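**Q** If it helps, the file is called work_30.pdb and holds PDB, C-alpha atoms:
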```pdb
ATOM      1  CA  MET P 379      70.516  43.310  80.918
ATOM      2  CA  GLU P 380      73.334  45.071  79.170
ATOM      3  CA  ALA P 381      71.922  44.184  75.772
ATOM      4  CA  VAL P 382      68.588  45.753  76.626
ATOM      5  CA  LEU P 383      70.332  48.971  77.665
ATOM      6  CA  VAL P 384      72.273  49.102  74.414
ATOM      7  CA  ASP P 385      69.105  48.426  72.438
ATOM      8  CA  THR P 386      67.218  51.150  74.292
ATOM      9  CA  LEU P 387      69.985  53.688  73.762
ATOM     10  CA  PHE P 388      70.139  52.835  70.079
ATOM     11  CA  VAL P 389      66.381  53.162  69.650
ATOM     12  CA  VAL P 390      66.325  56.510  71.468
ATOM     13  CA  ALA P 391      69.233  57.865  69.408
ATOM     14  CA  ALA P 392      67.732  56.591  66.153
ATOM     15  CA  VAL P 393      64.303  58.051  66.902
ATOM     16  CA  LEU P 394      65.889  61.391  67.800
ATOM     17  CA  THR P 395      67.940  61.452  64.604
ATOM     18  CA  ILE P 396      65.030  60.555  62.347
ATOM     19  CA  GLY P 397      62.671  62.921  64.167
ATOM     20  CA  LEU P 398      65.065  65.865  63.936
ATOM     21  CA  THR P 399      65.732  65.153  60.263
ATOM     22  CA  MET P 400      62.001  65.133  59.576
ATOM     23  CA  ALA P 401      61.699  68.353  61.547
ATOM     24  CA  GLU P 402      64.353  69.837  59.303
ATOM     25  CA  LEU P 403      62.120  69.091  56.333
ATOM     26  CA  LEU P 404      58.900  70.275  57.897
ATOM     27  CA  LEU P 405      60.054  73.570  59.414
ATOM     28  CA  LYS P 406      59.288  76.586  57.292
ATOM     29  CA  ASN P 407      62.015  78.937  58.469
ATOM     30  CA  PRO P 408      65.386  77.915  56.969
ATOM     31  CA  VAL P 409      67.181  79.042  60.128
ATOM     32  CA  HIS P 410      65.032  76.627  62.159
ATOM     33  CA  ALA P 411      65.664  73.893  59.610
ATOM     34  CA  SER P 412      69.434  74.315  59.798
ATOM     35  CA  LEU P 413      69.297  74.260  63.608
ATOM     36  CA  ALA P 414      67.278  71.034  63.496
ATOM     37  CA  LEU P 415      69.867  69.534  61.156
ATOM     38  CA  ILE P 416      72.731  70.496  63.470
ATOM     39  CA  ALA P 417      70.809  69.009  66.385
ATOM     40  CA  SER P 418      70.318  65.778  64.431
ATOM     41  CA  PHE P 419      74.089  65.291  64.209
ATOM     42  CA  PHE P 420      74.344  64.724  67.966
ATOM     43  CA  PRO P 421      72.162  61.602  68.303
ATOM     44  CA  LEU P 422      73.913  60.329  65.184
ATOM     45  CA  ALA P 423      77.214  60.824  67.000
ATOM     46  CA  VAL P 424      75.781  58.784  69.883
ATOM     47  CA  ILE P 425      75.136  55.932  67.425
ATOM     48  CA  TYR P 426      78.689  56.280  66.126
ATOM     49  CA  PHE P 427      80.026  56.106  69.688
ATOM     50  CA  MET P 428      78.086  52.898  70.215
ATOM     51  CA  MET P 429      79.714  51.481  67.084
ATOM     52  CA  HIS P 430      83.211  52.022  68.543
ATOM     53  CA  LEU P 431      83.871  55.033  66.318
ATOM     54  CA  PRO P 432      84.667  57.952  68.640
ATOM     55  CA  PHE P 433      86.870  59.696  66.095
ATOM     56  CA  ILE P 434      84.272  59.651  63.336
ATOM     57  CA  ALA P 435      81.609  60.864  65.766
ATOM     58  CA  VAL P 436      83.638  63.885  66.815
ATOM     59  CA  VAL P 437      84.881  64.609  63.283
ATOM     60  CA  GLN P 438      81.333  64.492  61.980
ATOM     61  CA  ILE P 439      80.155  67.057  64.556
ATOM     62  CA  LEU P 440      83.162  69.265  63.912
ATOM     63  CA  VAL P 441      83.115  69.162  60.122
ATOM     64  CA  TYR P 442      79.397  68.782  59.359
ATOM     65  CA  GLY P 443      78.042  70.861  62.206
ATOM     66  CA  GLY P 444      80.955  73.171  62.792
ATOM     67  CA  ALA P 445      82.027  73.973  59.256
ATOM     68  CA  ILE P 446      79.364  73.012  56.716
ATOM     69  CA  MET P 447      76.357  74.197  58.696
ATOM     70  CA  VAL P 448      78.157  77.396  59.672
ATOM     71  CA  LEU P 449      78.664  77.974  55.946
ATOM     72  CA  PHE P 450      74.960  77.368  55.452
ATOM     73  CA  THR P 451      74.148  79.839  58.205
ATOM     74  CA  PHE P 452      76.309  82.501  56.571
ATOM     75  CA  VAL P 453      74.609  81.969  53.236
ATOM     76  CA  ILE P 454      71.146  82.004  54.840
ATOM     77  CA  MET P 455      71.980  85.304  56.462
ATOM     78  CA  MET P 456      73.258  86.637  53.154
ATOM     79  CA  VAL P 457      70.484  85.383  50.962
ATOM     80  CA  ASP P 458      67.255  84.968  52.876
ATOM     81  CA  LEU P 459      66.483  88.514  53.822
ATOM     82  CA  SER P 460      63.368  87.730  55.849
ATOM     83  CA  SER P 461      65.290  85.847  58.541
ATOM     84  CA  GLY P 462      66.968  89.035  59.702
ATOM     85  CA  ASP P 463      63.767  90.474  61.098
ATOM     86  CA  TYR P 464      63.038  87.235  62.915
ATOM     87  CA  LEU P 465      66.472  87.311  64.489
ATOM     88  CA  LYS P 466      66.049  90.927  65.535
ATOM     89  CA  LYS P 467      62.679  90.183  67.120
ATOM     90  CA  HIS P 468      63.753  87.096  69.079
ATOM     91  CA  ARG P 469      67.293  88.068  69.892
ATOM     92  CA  TRP P 470      66.952  87.557  73.653
ATOM     93  CA  SER P 471      65.930  83.919  73.287
ATOM     94  CA  TYR P 472      68.803  83.431  70.835
ATOM     95  CA  ARG P 473      71.172  84.975  73.337
ATOM     96  CA  ALA P 474      69.912  82.701  76.112
ATOM     97  CA  LEU P 475      70.230  79.654  73.877
ATOM     98  CA  GLY P 476      73.719  80.682  72.812
ATOM     99  CA  PHE P 477      74.738  81.219  76.420
ATOM    100  CA  GLY P 478      73.435  77.772  77.363
ATOM    101  CA  ALA P 479      75.202  76.159  74.423
ATOM    102  CA  GLY P 480      78.401  77.967  75.362
ATOM    103  CA  LEU P 481      78.161  76.605  78.896
ATOM    104  CA  VAL P 482      77.728  73.082  77.550
ATOM    105  CA  VAL P 483      80.739  73.461  75.248
ATOM    106  CA  LEU P 484      82.795  74.887  78.107
ATOM    107  CA  GLY P 485      81.875  71.933  80.286
ATOM    108  CA  ILE P 486      82.801  69.465  77.573
ATOM    109  CA  THR P 487      86.127  71.234  77.040
ATOM    110  CA  LEU P 488      86.980  71.333  80.739
ATOM    111  CA  LEU P 489      86.015  67.724  81.374
ATOM    112  CA  PRO P 490      89.311  66.162  80.176
ATOM    113  CA  ILE P 491      91.281  68.645  82.263
ATOM    114  CA  PHE P 492      89.195  67.695  85.288
ATOM    115  CA  LEU P 493      89.717  64.024  84.553
ATOM    116  CA  ILE P 494      93.473  64.451  84.219
ATOM    117  CA  PHE P 495      93.759  66.286  87.464
ATOM    118  CA  SER P 496      91.635  63.750  89.305
ATOM    119  CA  LYS P 497      93.935  61.015  87.986
ATOM    120  CA  LEU P 498      91.241  59.230  86.092
ATOM    121  CA  ASN P 499      91.780  57.530  82.808
ATOM    122  CA  ALA P 500      89.435  57.093  79.889
ATOM    123  CA  THR P 501      89.905  53.372  80.182
ATOM    124  CA  ASP P 502      88.639  53.494  83.769
ATOM    125  CA  ILE P 503      85.345  54.934  82.638
ATOM    126  CA  VAL P 504      84.894  52.919  79.483
ATOM    127  CA  PRO P 505      86.933  49.716  79.764
ATOM    128  CA  GLU P 506      85.999  48.700  76.225
ATOM    129  CA  PHE P 507      88.252  51.401  74.784
ATOM    130  CA  ALA P 508      91.281  49.739  76.365
ATOM    131  CA  ALA P 509      90.436  46.464  74.692
ATOM    132  CA  LEU P 510      90.028  48.272  71.385
ATOM    133  CA  ALA P 511      93.451  49.874  71.704
ATOM    134  CA  GLU P 512      94.977  46.449  72.128
ATOM    135  CA  ASN P 513      93.119  45.145  69.123
ATOM    136  CA  GLY P 514      94.089  48.205  67.193
ATOM    137  CA  TYR P 515      90.887  49.209  65.474
ATOM    138  CA  GLY P 516      88.681  52.194  66.118
ATOM    139  CA  GLY P 517      91.567  54.303  67.357
ATOM    140  CA  ILE P 518      92.892  57.538  65.954
ATOM    141  CA  SER P 519      96.477  56.270  65.937
ATOM    142  CA  GLU P 520      95.573  53.301  63.796
ATOM    143  CA  LEU P 521      93.670  55.510  61.374
ATOM    144  CA  GLY P 522      96.555  57.962  61.193
ATOM    145  CA  LEU P 523      99.029  55.182  60.545
ATOM    146  CA  ALA P 524      96.814  53.793  57.822
ATOM    147  CA  MET P 525      96.528  57.186  56.183
ATOM    148  CA  PHE P 526     100.192  58.147  56.178
ATOM    149  CA  GLN P 527     101.994  54.858  55.844
ATOM    150  CA  ASP P 528     102.790  53.536  52.426
ATOM    151  CA  SER P 529     103.233  49.819  52.762
ATOM    152  CA  ALA P 530     101.890  46.881  50.844
ATOM    153  CA  SER P 531      98.732  46.679  52.905
ATOM    154  CA  ASN P 532      98.177  50.375  53.748
ATOM    155  CA  HIS P 533      98.183  52.518  50.660
ATOM    156  CA  TYR P 534      95.996  55.452  51.498
ATOM    157  CA  ILE P 535      98.585  58.178  51.188
ATOM    158  CA  LEU P 536      97.913  58.721  47.503
ATOM    159  CA  SER P 537      94.181  59.094  47.969
ATOM    160  CA  PHE P 538      94.830  61.415  50.905
ATOM    161  CA  GLU P 539      96.897  63.752  48.748
ATOM    162  CA  LEU P 540      94.342  63.568  45.940
ATOM    163  CA  LEU P 541      91.663  64.511  48.445
ATOM    164  CA  ALA P 542      93.644  67.602  49.356
ATOM    165  CA  LEU P 543      93.835  68.429  45.659
ATOM    166  CA  LEU P 544      90.073  67.983  45.378
ATOM    167  CA  ILE P 545      89.457  70.379  48.254
ATOM    168  CA  LEU P 546      91.772  72.918  46.622
ATOM    169  CA  THR P 547      89.858  72.586  43.366
ATOM    170  CA  GLY P 548      86.596  73.102  45.197
ATOM    171  CA  VAL P 549      87.861  76.225  46.931
ATOM    172  CA  ILE P 550      89.124  77.711  43.659
ATOM    173  CA  GLY P 551      85.872  76.812  41.916
ATOM    174  CA  ALA P 552      83.740  78.384  44.630
ATOM    175  CA  MET P 553      85.774  81.566  44.542
ATOM    176  CA  MET P 554      85.528  81.714  40.753
ATOM    177  CA  LEU P 555      81.786  81.261  40.887
ATOM    178  CA  ILE P 556      81.098  84.162  43.191
ATOM    179  CA  ARG P 557      83.737  86.654  42.201
ATOM    180  CA  ARG P 558      82.587  90.118  41.355
ATOM    181  CA  LEU P 559      84.206  91.846  38.414
ATOM    182  CA  ARG P 560      85.466  95.409  38.572
ATOM    183  CA  GLU P 561      83.198  98.433  38.756
ATOM    184  CA  GLY P 562      81.381  99.193  35.573
ATOM    185  CA  GLN P 563      80.882  95.543  34.705
ATOM    186  CA  PRO P 564      77.874  93.383  35.542
ATOM    187  CA  ASP P 565      77.708  91.110  38.561
ATOM    188  CA  THR P 566      77.549  87.842  36.680
ATOM    189  CA  PRO P 567      80.788  86.339  35.379
ATOM    190  CA  PRO P 568      81.193  86.485  31.604
ATOM    191  CA  GLN P 569      79.810  83.572  29.621
ATOM    192  CA  SER P 570      82.914  82.111  28.029
TER     193      SER P 570
ATOM    194  CA  MET Z1068      80.951  44.623  83.225
ATOM    195  CA  GLU Z1069      81.017  42.127  80.452
ATOM    196  CA  ASN Z1070      82.798  42.598  77.184
ATOM    197  CA  PHE Z1071      81.044  44.839  74.704
ATOM    198  CA  ALA Z1072      81.598  42.329  71.932
ATOM    199  CA  ASP Z1073      79.539  39.785  73.879
ATOM    200  CA  VAL Z1074      76.824  42.361  74.459
ATOM    201  CA  LEU Z1075      76.773  43.095  70.742
ATOM    202  CA  GLN Z1076      75.999  39.439  70.077
ATOM    203  CA  GLN Z1077      72.936  39.586  72.309
ATOM    204  CA  THR Z1078      71.309  42.822  71.168
ATOM    205  CA  LYS Z1079      68.257  42.380  69.012
ATOM    206  CA  LEU Z1080      67.794  45.877  67.606
ATOM    207  CA  PHE Z1081      71.330  47.229  67.460
ATOM    208  CA  THR Z1082      72.453  44.897  64.684
ATOM    209  CA  LEU Z1083      73.331  45.342  61.033
ATOM    210  CA  PRO Z1084      69.686  45.304  59.807
ATOM    211  CA  GLY Z1085      68.652  47.738  62.543
ATOM    212  CA  VAL Z1086      71.310  50.324  61.715
ATOM    213  CA  LEU Z1087      70.747  49.859  57.974
ATOM    214  CA  ILE Z1088      67.034  50.533  58.444
ATOM    215  CA  VAL Z1089      67.873  53.796  60.208
ATOM    216  CA  ALA Z1090      70.267  54.713  57.412
ATOM    217  CA  ALA Z1091      67.654  53.881  54.794
ATOM    218  CA  ILE Z1092      65.023  56.014  56.520
ATOM    219  CA  LEU Z1093      67.455  58.935  56.722
ATOM    220  CA  PHE Z1094      68.305  58.461  53.045
ATOM    221  CA  GLY Z1095      64.619  58.484  52.163
ATOM    222  CA  ILE Z1096      63.997  61.655  54.138
ATOM    223  CA  GLY Z1097      66.914  63.311  52.382
ATOM    224  CA  CYS Z1098      65.646  62.249  48.970
ATOM    225  CA  ILE Z1099      62.177  63.595  49.765
ATOM    226  CA  GLY Z1100      63.764  66.886  50.742
ATOM    227  CA  VAL Z1101      65.824  67.098  47.565
ATOM    228  CA  VAL Z1102      62.869  66.370  45.314
ATOM    229  CA  LEU Z1103      59.990  68.165  47.001
ATOM    230  CA  LYS Z1104      61.413  71.300  48.547
ATOM    231  CA  ARG Z1105      61.357  74.723  46.887
ATOM    232  CA  ASN Z1106      64.035  76.539  48.855
ATOM    233  CA  ILE Z1107      67.477  75.836  47.390
ATOM    234  CA  ILE Z1108      69.083  76.073  50.829
ATOM    235  CA  VAL Z1109      66.842  73.315  52.207
ATOM    236  CA  ILE Z1110      67.603  71.207  49.122
ATOM    237  CA  LEU Z1111      71.336  71.496  49.793
ATOM    238  CA  MET Z1112      70.776  70.604  53.449
ATOM    239  CA  SER Z1113      68.849  67.499  52.375
ATOM    240  CA  VAL Z1114      71.839  66.472  50.265
ATOM    241  CA  GLU Z1115      73.911  66.627  53.458
ATOM    242  CA  VAL Z1116      71.325  64.402  55.150
ATOM    243  CA  ILE Z1117      71.717  61.876  52.309
ATOM    244  CA  LEU Z1118      75.488  61.853  52.750
ATOM    245  CA  ASN Z1119      75.075  61.338  56.494
ATOM    246  CA  ALA Z1120      72.889  58.316  55.855
ATOM    247  CA  ILE Z1121      75.531  56.948  53.495
ATOM    248  CA  ASN Z1122      78.165  57.373  56.213
ATOM    249  CA  LEU Z1123      76.027  55.456  58.677
ATOM    250  CA  ALA Z1124      75.556  52.591  56.223
ATOM    251  CA  ILE Z1125      79.285  52.370  55.437
ATOM    252  CA  LEU Z1126      80.203  52.283  59.123
ATOM    253  CA  ALA Z1127      77.518  49.682  59.829
ATOM    254  CA  PHE Z1128      79.112  47.370  57.272
ATOM    255  CA  GLY Z1129      82.446  48.141  58.880
ATOM    256  CA  LEU Z1130      81.310  47.034  62.314
ATOM    257  CA  TRP Z1131      79.314  43.972  61.172
ATOM    258  CA  PRO Z1132      81.270  42.650  58.229
ATOM    259  CA  ILE Z1133      79.620  40.208  55.887
ATOM    260  CA  PRO Z1134      81.831  37.138  55.450
ATOM    261  CA  GLY Z1135      83.055  36.164  52.017
ATOM    262  CA  LEU Z1136      82.003  33.161  49.989
ATOM    263  CA  ASP Z1137      84.515  30.947  51.773
ATOM    264  CA  GLY Z1138      83.540  32.222  55.212
ATOM    265  CA  SER Z1139      86.526  34.543  55.714
ATOM    266  CA  LEU Z1140      86.084  37.866  57.478
ATOM    267  CA  ASP Z1141      87.991  41.009  56.492
ATOM    268  CA  THR Z1142      89.217  42.246  59.884
ATOM    269  CA  ARG Z1143      90.561  45.530  58.546
ATOM    270  CA  ILE Z1144      87.175  46.650  57.331
ATOM    271  CA  HIS Z1145      86.503  48.615  60.513
ATOM    272  CA  LEU Z1146      89.527  50.796  59.778
ATOM    273  CA  ASP Z1147      88.921  51.004  56.048
ATOM    274  CA  SER Z1148      85.310  52.065  56.557
ATOM    275  CA  GLN Z1149      86.436  54.933  58.776
ATOM    276  CA  TYR Z1150      88.777  56.166  56.096
ATOM    277  CA  PHE Z1151      86.058  55.910  53.463
ATOM    278  CA  VAL Z1152      83.752  57.945  55.693
ATOM    279  CA  LEU Z1153      86.437  60.622  56.117
ATOM    280  CA  ILE Z1154      86.673  60.920  52.346
ATOM    281  CA  VAL Z1155      82.876  61.146  52.058
ATOM    282  CA  ILE Z1156      82.775  63.889  54.707
ATOM    283  CA  ALA Z1157      85.481  65.874  52.902
ATOM    284  CA  VAL Z1158      83.728  65.512  49.554
ATOM    285  CA  ALA Z1159      80.439  66.583  51.188
ATOM    286  CA  ALA Z1160      82.115  69.709  52.515
ATOM    287  CA  VAL Z1161      83.494  70.626  49.092
ATOM    288  CA  GLU Z1162      80.158  69.928  47.412
ATOM    289  CA  ALA Z1163      78.326  72.073  49.956
ATOM    290  CA  ALA Z1164      80.750  74.929  49.365
ATOM    291  CA  ILE Z1165      80.341  74.783  45.605
ATOM    292  CA  GLY Z1166      76.565  74.375  45.845
ATOM    293  CA  LEU Z1167      76.350  77.433  48.065
ATOM    294  CA  ALA Z1168      78.563  79.383  45.667
ATOM    295  CA  ILE Z1169      76.172  78.508  42.841
ATOM    296  CA  LEU Z1170      73.262  79.557  45.066
ATOM    297  CA  VAL Z1171      74.872  82.907  45.799
ATOM    298  CA  SER Z1172      75.532  83.595  42.121
ATOM    299  CA  VAL Z1173      71.937  82.601  41.271
ATOM    300  CA  PHE Z1174      70.629  84.856  44.017
ATOM    301  CA  ARG Z1175      72.563  87.785  42.614
ATOM    302  CA  THR Z1176      70.591  87.661  39.387
ATOM    303  CA  ARG Z1177      67.198  86.553  40.647
ATOM    304  CA  ARG Z1178      67.031  88.082  44.132
ATOM    305  CA  GLN Z1179      65.240  85.021  45.489
ATOM    306  CA  VAL Z1180      66.084  81.409  46.356
ATOM    307  CA  ASP Z1181      62.873  79.845  45.121
ATOM    308  CA  THR Z1182      63.350  77.134  42.532
ATOM    309  CA  ARG Z1183      60.267  78.345  40.671
ATOM    310  CA  SER Z1184      62.385  81.230  39.406
ATOM    311  CA  LEU Z1185      64.618  78.694  37.638
ATOM    312  CA  GLU Z1186      61.929  76.858  35.722
ATOM    313  CA  GLN Z1187      62.694  78.415  32.369
ATOM    314  CA  MET Z1188      65.968  77.582  30.686
ATOM    315  CA  GLU Z1189      66.706  81.014  29.347
ATOM    316  CA  GLY Z1190      66.820  84.369  31.057
TER     317      GLY Z1190
END
```
Please rewrite the model in this file as structure tokens.
**A**
Amino acid sequence: MEAVLVDTLFVVAAVLTIGLTMAELLLKNPVHASLALIASFFPLAVIYFMMHLPFIAVVQILVYGGAIMVLFTFVIMMVDLSSGDYLKKHRWSYRALGFGAGLVVLGITLLPIFLIFSKLNATDIVPEFAALAENGYGGISELGLAMFQDSASNHYILSFELLALLILTGVIGAMMLIRRLREGQPDTPPQS
Amino acid sequence: MENFADVLQQTKLFTLPGVLIVAAILFGIGCIGVVLKRNIIVILMSVEVILNAINLAILAFGLWPIPGLDGSLDTRIHLDSQYFVLIVIAVAAVEAAIGLAILVSVFRTRRQVDTRSLEQMEG
């Protein structure tokens, strides 16, 4: 019985993810397409939760949906001038949707506080997480130890620092690509 | 409630081939978007879809490891796959930032984000 439930949840999450990704391709308005892509991260996070990866699920929503897609939204607003009229015309539905999304986020944020005060534990709700903590995989603490330790078996600290260097290079490169020169000079950077 | 590991043995769709099929379909959709779409923004979003599919495939191999030639199983692969996915997510963020910077600098000269304006090499 349990296996059928897990199968059903996986099929529902997979169909939602694939459907929303196809909707992202088929929608004409780039604002709609980016919203469909953000929505497709949530069923994917459900699949990650089922694979005992709560940290990756949350990190994916935060980084992909919260940082990368916000960057995309900024650039769409900057670049695609026709979306502005659409936003001005439908601003009440956007406000309602934003209010609803804000309520959902508020509920998700207040849920741990409610659980703490009602003396519940995460392991009471999902007993499998307790077993995982004993085994030591899937947890944030294990991942953090693997990243920052430097022993014979865990040697990720070097790649972690190199990743920080890569991000710094990307930031400098992006700023160099879009910098405007002083007044009196053209917009495009000089061809060197 | 029985152990989730036992439940994982009994599921017929939530197995390594099932998750890999989902990842492959997502990868295909992303590739179609990269190749066929005209709007540069949608092309960059399809690249993010491709990277998401790659993440799903890596984590699937982390949860259902394939035993070696002598039958041994790498038990640390669940942890290692998570770290690999973190690196892929960070690299995807940097690549999206640089791709959008290129898009902005292209838009400043062409005033449109259609790829048909980029068909000629000069000008």
**Q** Considering only C-alpha atoms, return as an MDAnalysis selection string whatever protein or nucleic-acid residues lie within 10 Å of region 542-554 of chain P, sequence-local ones (same chain, fewer than 6 positions apart) excluded.
**A** (chainID P and resid 567) or (chainID Z and resid 1157:1158 1160:1169)
**Q** Assuming the chain letters and numbering stay as they are in my file, what does the PyMOL selection byres ((chain Z and resi 1117) around 7) actually select? List them as an mmCIF file with C-alpha atoms, keeping the file's coordinate frame.
**A**
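Okay, this is what ended up in part-v6.cif:
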```
data_model
loop_
_atom_site.group_PDB
_atom_site.id
_atom_site.type_symbol
_atom_site.label_atom_id
_atom_site.label_comp_id
_atom_site.auth_asym_id
_atom_site.auth_seq_id
_atom_site.Cartn_x
_atom_site.Cartn_y
_atom_site.Cartn_z
ATOM 1 C CA LEU Z 1093 67.455 58.935 56.722
ATOM 2 C CA PHE Z 1094 68.305 58.461 53.045
ATOM 3 C CA GLY Z 1097 66.914 63.311 52.382
ATOM 4 C CA CYS Z 1098 65.646 62.249 48.970
ATOM 5 C CA SER Z 1113 68.849 67.499 52.375
ATOM 6 C CA VAL Z 1114 71.839 66.472 50.265
ATOM 7 C CA GLU Z 1115 73.911 66.627 53.458
ATOM 8 C CA VAL Z 1116 71.325 64.402 55.150
ATOM 9 C CA LEU Z 1118 75.488 61.853 52.750
ATOM 10 C CA ASN Z 1119 75.075 61.338 56.494
ATOM 11 C CA ALA Z 1120 72.889 58.316 55.855
ATOM 12 C CA ILE Z 1121 75.531 56.948 53.495
#
```
**Q** Grab the CA of Ile454 (chain P) to CA of Thr395 (chain P) distance for me, in Å with one decimal place.
**A**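 Between CA of Ile454 (chain P) and CA of Thr395 (chain P) the gap works out to 23.0 Å.
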**Q** CA of Phe1081 (chain Z) and CA of Ile1133 (chain Z) are how many Å apart?
**A** 15.9 Å
**Q** Would you list which chain P residues are within 7 Å of chain Z using all atoms listed in the file, as a list in words?
**A**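 Close enough to count are Glu380, Ala381, Val382, Asp385, Phe388, Ala392, Ile396, Met400, Leu403, Pro408, Met429, Ile434, Ile446, Val457, Glu506, Tyr515, Gly516, Leu521, Ile545, Gly548, Gly551, Ala552, Leu555 and Ile556 of chain P.
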**Q** If you take every atom of region 1138-1142 of chain Z that the file lists and fit an axis-aligned box around them with 3 Å extra on each side, what centre and edge lengths come out in Å to one decimal, as AutoDock Vina command-line options?
**A**
```
--center_x 86.4 --center_y 37.2 --center_z 57.5 --size_x 11.7 --size_y 16.0 --size_z 10.7
```
**Q** Record the distance separating CA of Gly480 (chain P) and CA of Thr386 (chain P), expressed in Å with one decimal.
**A**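 Those two atoms sit 29.1 Å apart.
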**Q** Can you write region 1086-1101 of chain Z from the block above with N, CA, C and O atoms, as an mmCIF file, in the first residue's frame?
**A**
```cif
data_model
loop_
_atom_site.group_PDB
_atom_site.id
_atom_site.type_symbol
_atom_site.label_atom_id
_atom_site.label_comp_id
_atom_site.auth_asym_id
_atom_site.auth_seq_id
_atom_site.Cartn_x
_atom_site.Cartn_y
_atom_site.Cartn_z
ATOM 1 N N VAL Z 1086 13.057 7.550 -12.672
ATOM 2 C CA VAL Z 1086 13.544 8.918 -12.474
ATOM 3 C C VAL Z 1086 14.426 9.338 -13.649
ATOM 4 O O VAL Z 1086 14.404 10.487 -14.086
ATOM 5 N N LEU Z 1087 15.194 8.384 -14.199
ATOM 6 C CA LEU Z 1087 16.055 8.740 -15.337
ATOM 7 C C LEU Z 1087 15.231 9.069 -16.574
ATOM 8 O O LEU Z 1087 15.627 9.905 -17.389
ATOM 9 N N ILE Z 1088 14.072 8.411 -16.711
ATOM 10 C CA ILE Z 1088 13.199 8.752 -17.848
ATOM 11 C C ILE Z 1088 12.677 10.177 -17.700
ATOM 12 O O ILE Z 1088 12.651 10.960 -18.671
ATOM 13 N N VAL Z 1089 12.292 10.538 -16.472
ATOM 14 C CA VAL Z 1089 11.831 11.917 -16.245
ATOM 15 C C VAL Z 1089 12.952 12.907 -16.540
ATOM 16 O O VAL Z 1089 12.747 13.939 -17.202
ATOM 17 N N ALA Z 1090 14.157 12.587 -16.092
ATOM 18 C CA ALA Z 1090 15.284 13.483 -16.347
ATOM 19 C C ALA Z 1090 15.564 13.587 -17.838
ATOM 20 O O ALA Z 1090 15.881 14.669 -18.343
ATOM 21 N N ALA Z 1091 15.444 12.475 -18.550
ATOM 22 C CA ALA Z 1091 15.709 12.501 -19.983
ATOM 23 C C ALA Z 1091 14.663 13.322 -20.717
ATOM 24 O O ALA Z 1091 14.981 14.069 -21.645
ATOM 25 N N ILE Z 1092 13.402 13.207 -20.289
ATOM 26 C CA ILE Z 1092 12.347 13.996 -20.940
ATOM 27 C C ILE Z 1092 12.569 15.483 -20.684
ATOM 28 O O ILE Z 1092 12.453 16.323 -21.596
ATOM 29 N N LEU Z 1093 12.946 15.826 -19.451
ATOM 30 C CA LEU Z 1093 13.227 17.239 -19.152
ATOM 31 C C LEU Z 1093 14.396 17.741 -19.976
ATOM 32 O O LEU Z 1093 14.385 18.874 -20.481
ATOM 33 N N PHE Z 1094 15.435 16.900 -20.116
ATOM 34 C CA PHE Z 1094 16.598 17.276 -20.913
ATOM 35 C C PHE Z 1094 16.202 17.501 -22.356
ATOM 36 O O PHE Z 1094 16.636 18.461 -23.003
ATOM 37 N N GLY Z 1095 15.326 16.621 -22.875
ATOM 38 C CA GLY Z 1095 14.885 16.786 -24.259
ATOM 39 C C GLY Z 1095 14.094 18.059 -24.458
ATOM 40 O O GLY Z 1095 14.278 18.778 -25.440
ATOM 41 N N ILE Z 1096 13.222 18.369 -23.496
ATOM 42 C CA ILE Z 1096 12.440 19.602 -23.605
ATOM 43 C C ILE Z 1096 13.364 20.815 -23.578
ATOM 44 O O ILE Z 1096 13.203 21.772 -24.348
ATOM 45 N N GLY Z 1097 14.371 20.768 -22.720
ATOM 46 C CA GLY Z 1097 15.319 21.877 -22.673
ATOM 47 C C GLY Z 1097 16.090 22.031 -23.965
ATOM 48 O O GLY Z 1097 16.300 23.151 -24.449
ATOM 49 N N CYS Z 1098 16.507 20.895 -24.548
ATOM 50 C CA CYS Z 1098 17.240 20.967 -25.813
ATOM 51 C C CYS Z 1098 16.367 21.524 -26.926
ATOM 52 O O CYS Z 1098 16.825 22.315 -27.756
ATOM 53 N N ILE Z 1099 15.094 21.109 -26.950
ATOM 54 C CA ILE Z 1099 14.177 21.644 -27.965
ATOM 55 C C ILE Z 1099 14.048 23.146 -27.800
ATOM 56 O O ILE Z 1099 14.063 23.911 -28.781
ATOM 57 N N GLY Z 1100 13.980 23.598 -26.555
ATOM 58 C CA GLY Z 1100 13.871 25.036 -26.321
ATOM 59 C C GLY Z 1100 15.103 25.792 -26.757
ATOM 60 O O GLY Z 1100 15.003 26.880 -27.335
ATOM 61 N N VAL Z 1101 16.284 25.208 -26.512
ATOM 62 C CA VAL Z 1101 17.522 25.895 -26.884
ATOM 63 C C VAL Z 1101 17.635 26.001 -28.397
ATOM 64 O O VAL Z 1101 18.063 27.014 -28.939
#
```
